[in-house]
Amino acid sequence: FDIPGKGAPVERLKKWRQAALVLNASRRFRYTLDLKKEAQKEEVIRKIRAQAHVIRAAFRFKEAARVGTTTNDAPEAHADGALGFGIKEDQLTALTRDHNYSALQQYEGISGLANMLKTDIDKGISGEESDIDARKNAFGANTYPRKKGRSFLAFVWDACKDLTLIILMVAAAVSLALGIYTEGIKEGWYDGASIGFAVLLVIFVTATSDYKQSLQFQNLNEEKQNIQLEVVRGGRRIKVSIFDLVVGDVVPLKIGDQVPADGVLISGHSFSIDESSMTGESKIVNKDQKSPFMMSGCKVADGYGTMLVTAVGINTEWGLLMASISEDSGEETPLQVRLNGVATFIGIIGLSVAVAVLVVLLARYFTGHTYNPDGSPQYVKGKMGVGETIRGVVKIFTVAVTIVVVAVPEGLPLAVTLTLAFSMRKMMRDKALVRRLSACETMGSATTICSDKTGTLTLNQMTVVEAYFGGEKMDPPDNTQKLSAAVSTMIIEGIAQNTSGSIFEPEGGQAPEVTGSPTEKAILSWGLQLGMKFSETRSKSSILQVFPFNSEKKRGGVAVQVGDSEVHVYWKGAAELILESCTSWIDKDGSKQSMTPEKVGEFKKFIEDMAVASLRCVAFAYRPCEMSDVPKEDQRADWVLPEDNLIMLGIVGIKDPCRPGVQDSIRLCAAAGIKVRMVTGDNLQTARAIALECGILTDPNVSEPTIIEGKTFRELSDLEREEVADKISVMGRSSPNDKLLLVKALRNRGHVVAVTGDGTNDAPALHEADIGLSMGIQGTEVAKESSDIIILDDNFATLVRVVRWGRSVYANIQKFIQFQLTVNVAALIINVVSAVSSGDVPLNAVQLLWVNLIMDTLGALALATEPPNNHLMQRPPVGRREPLITNIMWRNLLIMVCCICTLLYSSYLWPFCCLTNCFFRLSIKLQSSLLSPSRA
């Protein structure tokens, strides 16, 4: 019963389920994936996609028939029914759903549509509560009707479907009827009513437990869907919940983001969308002014831009999709699969034992070897009535069925569910949101963690602390007095235009608000210190083409037009890589100087000095162009910005201090047998300095392969990579593909790998790893979708707490297995031995049902919800192939079974008790004689 840790194919799940499906399936599989519902969900999605394609095709056919005819009549757009807005809800919905470009043009384009929605395309909506409420009333909220969760009675009904419990209820009813018939209502109702009450109690306790877990999973699903995103309101970027988005909102989007609602593109650069989640076709669609429509639920594949929200909630295709399918939290985890196999194996043994007991008891009963308390036989041939005979047979049959109930350990899969639900809820409080159940248990087996540097090991609070411009160091870094006005202007223009961040400058002299990634915020804040007026600087030039920051090339660029014919191409990125592309540099007077080998050495020395001080080095360069070299506007989308013959402007050093407590967390991982490896895009010197500061490295003089560059690792063969991977502690200047290669090499070496990531390009590594952990603050939606756990505070200490919870899950399950198997084996041995030897069983049906109640529900609740302790982090990780029931567990199990059987038989068989007492006294005398002083 072995399946992959995640992403198991449905066909493989069907195969093991067919192999495991023997007894009590309704209870055994109540919290695993419903394969039939999954198939129905896929069918609904297919139908909705097909319907959307048909509607668009019909609309385009209709539009094609109107080619050659022109009209100036725009679609009706009255304020009536739109609560003061210039367009109605159904018109907006049809506009976006049909991708009706001609209707958009008749509304006077995006600016006209924004005016109808009372939206400023630069400043967004006002953000006042009254305005937001009016928009929700007119166009709806960004929510969709959820299917109601199952009621408590539904769980009661599911619990009643257990075949063995149904048989027991029938047996209880027969026993009750025969008892009342033969002994009267005063004496005859005891047995049947007791069994019925015990069965009902088991049903209601099971249903209550399942109902509570269902509510917990439902709450966690809602938390996963509550995405935080940036919107522009009142001229500033603020973060809001996706559920608070309204029609008319202006939403900035960048690579890796999820489109939160249906809308149209206001402006964008190299902007493309992955629409596979909605269309089913895995192709990237470029978006521009001619194709501006965007569908909710799609992912931004490249570039950045802003969109105007035109439809939310149920008015979007994504809303229709979500309203039509139910969110199921069911998932097969490897531990559940293994436990289902164990439960099935034990169930077969229990069924065999029950059949054997049934045959033995029936044989003894009908041969007259079963006796009443007064010593008379229970069955005498020819003298017993039919009712008494049936009652005796029913009692024997009830005992056999009850043995099956006790022997089949449905509580094993239930314990996994309880443990995972409890752990997921507690991990939420520890700032870890679990997206896949299997990650909880797999994290306890992690042997290595490949961690990002920025934001995970560091605080992600970046500031520019050093600057090197005009051929010399600026002290302080914002001192531009030695630079000419032309150089300062060029630096400020490059900062303002070559950025995905923004600055809101409030009126009244308040401090500007800087938004964007931590690196962008640091550079923009430094630009403000240089005297940059963000909006004014951007208005002086127009952007022609953008190359968004690329984690493979580690640079980003922009081409801007200054005046009528002058074009500047600005680049910003990793210092040593930008330096390689530069053939000249600008001195403090603004003169262009040739990049001599001596000057290259000087720049490299400055980069190394900053890197040793654990600073991130970012270089600025530019290249002038003629307008004649720039393609025409309709051909500009494919224009590749020139990257060679650049002119170096300067370099800044950005400080990002280590998180407090990260050293203790890494020390704790080392004690737990987990090796932490840092994988970063920074150069080797910066990576070395941070690794020493965090405690990943202890020796500053280490060399390859302990600290290695991504390019070097990439060029090794597969076999060499596997050999080197074990020794790597730090990988610098790594690309996302290098991280993926490292993960594959470590997994091939037998490691259970956990990986952290925040970017879109980290998605393959997150998916490939045994446990993918994305960052909740800086992580893109693409990274979060590919991850198993979201670290909500981007803190490495939280990751260590996740490891502790993972180990707790595994330890709690092992405790419960040991507890339940001990009771199972003891109950089976006692009943079998007693049935064969005396023709009676010491544990009747009611007693066995109480044992079952304690084992499957109360025992699971007690043992599966034990919180983690520090001792868990002092053990080595559990191996990938280590048996679930260890030799120590078998030893404990056998010892406890012997003790339980001995104690029970001592109370059941008085002579045996006396014999045990004699042996006990004899052993004490023998020990005392052996340890006496004379003997010594």
# chains A, B, ... in the order shown; residues from 1 in each chain; ligands from 1
$ select_by_dssp --residues "segment 706-891 of chain A" --states "helix (DSSP H, G or I)" --output "ChimeraX atom specification"
/A:710-714,718-725,736-748,760-768,781-786,796-838,845-864,870-874,887-891
$ atom_distance --atom1 "atom CA of Leu117 of chain A" --atom2 "atom CA of Ile87 of chain A"
7.2 Å
$ residues_around --residues "Ser502 of chain A" --least-positions-apart "3" --cutoff "9 Å" --atoms "only C-alpha atoms" --output "MDAnalysis selection string"
chainID A and resid 236:237 496 499 513:516 520:521 524 534
$ write_last_selection --atoms "C-alpha atoms" --output "mmCIF file, in the first residue's frame"
data_model
loop_
_atom_site.group_PDB
_atom_site.id
_atom_site.type_symbol
_atom_site.label_atom_id
_atom_site.label_comp_id
_atom_site.auth_asym_id
_atom_site.auth_seq_id
_atom_site.Cartn_x
_atom_site.Cartn_y
_atom_site.Cartn_z
ATOM 1 C CA ARG A 236 -2.724 54.814 -2.680
ATOM 2 C CA ARG A 237 -2.101 51.082 -2.765
ATOM 3 C CA ALA A 496 11.500 56.046 -11.054
ATOM 4 C CA THR A 499 10.471 49.742 -11.053
ATOM 5 C CA GLU A 513 4.057 55.836 1.200
ATOM 6 C CA VAL A 514 6.292 53.404 -0.695
ATOM 7 C CA THR A 515 4.884 50.084 -1.958
ATOM 8 C CA GLY A 516 6.397 47.174 -3.847
ATOM 9 C CA GLU A 520 12.037 47.982 -4.790
ATOM 10 C CA LYS A 521 10.952 49.757 -1.596
ATOM 11 C CA LEU A 524 12.611 53.900 -4.093
ATOM 12 C CA PHE A 534 8.164 60.172 -8.243
#
$ closest_residue --among "A:Pro260, A:Gly494, A:Gly124, A:Pro548" --to "Tyr304 of chain A" --atoms "only C-alpha atoms"
A:Pro548
$ residues_around --residues "Met428 of chain A" --least-positions-apart "4" --cutoff "10 Å" --atoms "only C-alpha atoms" --output "list in words"
Leu220, Glu223, Ser423, Met424, Ala432, Leu433, Val434, Ile790, Ile791 and Leu792 of chain A
$ residues_around --residues "Ser787 of chain A" --least-positions-apart "3" --cutoff "12 Å" --atoms "only C-alpha atoms" --output "ChimeraX atom specification"
/A:6-7,224,432-439,754-760,762-776,779-784,790-791
$ residues_around --residues "Met855 of chain A" --least-positions-apart "4" --cutoff "7 Å" --atoms "only C-alpha atoms" --output "CSV table (one decimal) with all heavy atoms, in the first residue's frame"
chain,number,residue,atom,x,y,z
A,411,GLY,N,-10.8,2.8,13.9
A,411,GLY,CA,-10.2,4.0,14.6
A,411,GLY,C,-8.8,4.4,14.0
A,411,GLY,O,-8.4,5.5,14.3
A,820,GLN,N,-4.4,0.7,20.2
A,820,GLN,CA,-5.6,0.0,19.6
A,820,GLN,C,-5.2,-1.4,19.3
A,820,GLN,O,-6.0,-2.3,19.6
A,820,GLN,CB,-6.1,0.7,18.4
A,820,GLN,CG,-7.3,0.0,17.8
A,820,GLN,CD,-8.1,0.9,16.9
A,820,GLN,OE1,-7.5,1.6,16.0
A,820,GLN,NE2,-9.4,1.0,17.0
A,851,VAL,N,-15.7,-1.3,24.7
A,851,VAL,CA,-14.3,-1.3,24.4
A,851,VAL,C,-14.1,-0.6,23.0
A,851,VAL,O,-13.2,0.2,22.8
A,851,VAL,CB,-13.8,-2.8,24.3
A,851,VAL,CG1,-12.4,-2.8,23.7
A,851,VAL,CG2,-13.8,-3.3,25.7
A,859,GLY,N,-10.4,7.0,22.6
A,859,GLY,CA,-8.9,6.8,22.6
A,859,GLY,C,-8.2,7.6,21.5
A,859,GLY,O,-7.2,8.2,21.7
A,860,ALA,N,-8.9,7.7,20.3
A,860,ALA,CA,-8.3,8.5,19.3
A,860,ALA,C,-8.3,10.0,19.7
A,860,ALA,O,-7.3,10.7,19.4
A,860,ALA,CB,-9.2,8.4,18.0
$ closest_atom_pairs --of "segment 542-595 of chain A" --to "segment 645-658 of chain A" --cutoff "7 Å" --atoms "only C-alpha atoms" --output "JSON lines"
{"residue": "A:Ala575", "atom": "CA", "partner": "A:Ile651", "partner_atom": "CA", "distance": 6.8}
{"residue": "A:Ser581", "atom": "CA", "partner": "A:Leu646", "partner_atom": "CA", "distance": 5.9}
{"residue": "A:Cys582", "atom": "CA", "partner": "A:Leu646", "partner_atom": "CA", "distance": 4.3}
{"residue": "A:Thr583", "atom": "CA", "partner": "A:Asn645", "partner_atom": "CA", "distance": 5.2}
{"residue": "A:Ser584", "atom": "CA", "partner": "A:Ile647", "partner_atom": "CA", "distance": 4.9}
{"residue": "A:Trp585", "atom": "CA", "partner": "A:Met648", "partner_atom": "CA", "distance": 4.4}
{"residue": "A:Ile586", "atom": "CA", "partner": "A:Leu649", "partner_atom": "CA", "distance": 5.8}
$ write_last_selection --atoms "N, CA, C and O atoms" --output "PDB file, in the first residue's frame"
ATOM      1  N   ALA A 575      24.842  42.985  -9.445  1.00  0.00           N
ATOM      2  CA  ALA A 575      25.931  43.903  -9.761  1.00  0.00           C
ATOM      3  C   ALA A 575      26.976  43.293 -10.691  1.00  0.00           C
ATOM      4  O   ALA A 575      27.351  43.890 -11.709  1.00  0.00           O
ATOM      5  N   SER A 581      28.242  43.359 -18.640  1.00  0.00           N
ATOM      6  CA  SER A 581      27.653  43.898 -19.871  1.00  0.00           C
ATOM      7  C   SER A 581      28.071  45.340 -20.145  1.00  0.00           C
ATOM      8  O   SER A 581      27.677  45.909 -21.167  1.00  0.00           O
ATOM      9  N   CYS A 582      28.814  45.936 -19.215  1.00  0.00           N
ATOM     10  CA  CYS A 582      29.186  47.348 -19.361  1.00  0.00           C
ATOM     11  C   CYS A 582      30.533  47.488 -20.080  1.00  0.00           C
ATOM     12  O   CYS A 582      31.500  46.783 -19.765  1.00  0.00           O
ATOM     13  N   THR A 583      30.582  48.427 -21.014  1.00  0.00           N
ATOM     14  CA  THR A 583      31.834  48.724 -21.724  1.00  0.00           C
ATOM     15  C   THR A 583      32.366  50.110 -21.371  1.00  0.00           C
ATOM     16  O   THR A 583      33.447  50.495 -21.818  1.00  0.00           O
ATOM     17  N   SER A 584      31.596  50.863 -20.599  1.00  0.00           N
ATOM     18  CA  SER A 584      32.024  52.197 -20.172  1.00  0.00           C
ATOM     19  C   SER A 584      31.302  52.565 -18.883  1.00  0.00           C
ATOM     20  O   SER A 584      30.419  51.834 -18.428  1.00  0.00           O
ATOM     21  N   TRP A 585      31.705  53.710 -18.306  1.00  0.00           N
ATOM     22  CA  TRP A 585      31.075  54.154 -17.061  1.00  0.00           C
ATOM     23  C   TRP A 585      31.005  55.671 -17.044  1.00  0.00           C
ATOM     24  O   TRP A 585      31.698  56.354 -17.806  1.00  0.00           O
ATOM     25  N   ILE A 586      30.148  56.203 -16.200  1.00  0.00           N
ATOM     26  CA  ILE A 586      29.947  57.650 -16.102  1.00  0.00           C
ATOM     27  C   ILE A 586      30.658  58.181 -14.854  1.00  0.00           C
ATOM     28  O   ILE A 586      30.458  57.667 -13.748  1.00  0.00           O
TER      29      ILE A 586
END
$ atom_distance --atom1 "atom CA of Asn824 of chain A" --atom2 "atom CA of Gln378 of chain A"
29.0 Å
$ closest_residue --among "A:Leu113, A:Val809, A:Leu858, A:Cys450" --to "Lys744 of chain A" --atoms "only C-alpha atoms"
A:Cys450
$ atom_distance --atom1 "atom CA of Ala138 of chain A" --atom2 "atom CA of Gln258 of chain A"
24.6 Å
$ closest_residue --among "A:Leu483, A:Met278, A:Val662, A:Ala745" --to "Ala797 of chain A" --atoms "only C-alpha atoms"
A:Val662
$ decode --residues "segment 695-734 of chain A" --atoms "N, CA and C atoms" --output "tab-separated table (two decimals), in the first residue's frame"
chain	number	residue	atom	x	y	z
A	695	GLY	N	24.35	30.89	11.16
A	695	GLY	CA	24.78	29.64	11.77
A	695	GLY	C	24.74	28.46	10.83
A	696	ILE	N	24.42	28.68	9.56
A	696	ILE	CA	24.44	27.58	8.59
A	696	ILE	C	25.87	27.16	8.33
A	697	LEU	N	26.77	28.14	8.25
A	697	LEU	CA	28.21	27.87	8.16
A	697	LEU	C	28.87	28.25	9.48
A	698	THR	N	29.85	27.47	9.89
A	698	THR	CA	30.61	27.79	11.11
A	698	THR	C	32.05	28.17	10.80
A	699	ASP	N	32.52	27.77	9.62
A	699	ASP	CA	33.89	28.08	9.21
A	699	ASP	C	33.87	29.06	8.04
A	700	PRO	N	34.46	30.25	8.21
A	700	PRO	CA	34.43	31.23	7.12
A	700	PRO	C	35.30	30.86	5.93
A	701	ASN	N	36.16	29.86	6.09
A	701	ASN	CA	37.10	29.52	5.02
A	701	ASN	C	36.66	28.30	4.21
A	702	VAL	N	35.40	27.93	4.28
A	702	VAL	CA	34.94	26.76	3.53
A	702	VAL	C	34.97	27.07	2.03
A	703	SER	N	35.09	26.01	1.25
A	703	SER	CA	35.16	26.17	-0.21
A	703	SER	C	34.20	25.16	-0.86
A	704	GLU	N	34.30	25.06	-2.19
A	704	GLU	CA	33.45	24.09	-2.89
A	704	GLU	C	33.74	22.68	-2.36
A	705	PRO	N	32.72	21.82	-2.32
A	705	PRO	CA	31.33	22.08	-2.72
A	705	PRO	C	30.42	22.54	-1.58
A	706	THR	N	31.00	22.81	-0.38
A	706	THR	CA	30.15	23.26	0.73
A	706	THR	C	29.43	24.55	0.36
A	707	ILE	N	30.15	25.46	-0.27
A	707	ILE	CA	29.52	26.67	-0.80
A	707	ILE	C	29.81	26.69	-2.30
A	708	ILE	N	28.76	26.79	-3.08
A	708	ILE	CA	28.90	26.59	-4.53
A	708	ILE	C	28.03	27.59	-5.27
A	709	GLU	N	28.44	27.92	-6.47
A	709	GLU	CA	27.66	28.82	-7.32
A	709	GLU	C	26.69	28.00	-8.16
A	710	GLY	N	25.51	28.55	-8.40
A	710	GLY	CA	24.48	27.83	-9.16
A	710	GLY	C	24.97	27.39	-10.53
A	711	LYS	N	25.74	28.24	-11.18
A	711	LYS	CA	26.24	27.92	-12.52
A	711	LYS	C	27.14	26.70	-12.49
A	712	THR	N	28.01	26.62	-11.48
A	712	THR	CA	28.92	25.48	-11.34
A	712	THR	C	28.15	24.19	-11.12
A	713	PHE	N	27.16	24.25	-10.25
A	713	PHE	CA	26.33	23.07	-9.94
A	713	PHE	C	25.54	22.63	-11.18
A	714	ARG	N	25.07	23.60	-11.93
A	714	ARG	CA	24.25	23.34	-13.11
A	714	ARG	C	25.04	22.58	-14.19
A	715	GLU	N	26.35	22.84	-14.27
A	715	GLU	CA	27.16	22.27	-15.34
A	715	GLU	C	27.65	20.85	-15.02
A	716	LEU	N	27.40	20.36	-13.80
A	716	LEU	CA	27.81	19.01	-13.44
A	716	LEU	C	26.89	17.98	-14.10
A	717	SER	N	27.37	16.76	-14.22
A	717	SER	CA	26.52	15.68	-14.72
A	717	SER	C	25.55	15.26	-13.62
A	718	ASP	N	24.55	14.45	-13.97
A	718	ASP	CA	23.55	14.02	-12.99
A	718	ASP	C	24.19	13.27	-11.84
A	719	LEU	N	25.10	12.37	-12.13
A	719	LEU	CA	25.77	11.59	-11.09
A	719	LEU	C	26.62	12.48	-10.20
A	720	GLU	N	27.35	13.43	-10.80
A	720	GLU	CA	28.18	14.35	-10.02
A	720	GLU	C	27.32	15.25	-9.14
A	721	ARG	N	26.17	15.67	-9.68
A	721	ARG	CA	25.28	16.53	-8.88
A	721	ARG	C	24.79	15.80	-7.64
A	722	GLU	N	24.45	14.51	-7.79
A	722	GLU	CA	23.98	13.74	-6.63
A	722	GLU	C	25.07	13.60	-5.57
A	723	GLU	N	26.31	13.41	-6.02
A	723	GLU	CA	27.41	13.28	-5.07
A	723	GLU	C	27.70	14.60	-4.36
A	724	VAL	N	27.61	15.70	-5.11
A	724	VAL	CA	27.91	17.02	-4.55
A	724	VAL	C	26.77	17.53	-3.67
A	725	ALA	N	25.54	17.17	-4.02
A	725	ALA	CA	24.36	17.74	-3.35
A	725	ALA	C	24.39	17.53	-1.84
A	726	ASP	N	24.84	16.34	-1.41
A	726	ASP	CA	24.88	16.04	0.03
A	726	ASP	C	25.79	17.00	0.78
A	727	LYS	N	26.83	17.51	0.11
A	727	LYS	CA	27.83	18.33	0.79
A	727	LYS	C	27.50	19.82	0.77
A	728	ILE	N	26.53	20.22	-0.04
A	728	ILE	CA	26.23	21.65	-0.21
A	728	ILE	C	25.54	22.20	1.03
A	729	SER	N	26.03	23.33	1.51
A	729	SER	CA	25.37	24.07	2.58
A	729	SER	C	24.82	25.40	2.08
A	730	VAL	N	25.52	26.00	1.12
A	730	VAL	CA	25.11	27.30	0.57
A	730	VAL	C	25.26	27.26	-0.94
A	731	MET	N	24.21	27.70	-1.64
A	731	MET	CA	24.28	27.85	-3.08
A	731	MET	C	23.96	29.30	-3.42
A	732	GLY	N	24.93	29.99	-4.02
A	732	GLY	CA	24.75	31.39	-4.38
A	732	GLY	C	24.55	31.58	-5.87
A	733	ARG	N	24.03	32.73	-6.25
A	733	ARG	CA	23.75	33.05	-7.64
A	733	ARG	C	22.98	31.91	-8.32
A	734	SER	N	22.00	31.40	-7.60
A	734	SER	CA	21.24	30.28	-8.13
A	734	SER	C	20.00	30.77	-8.86
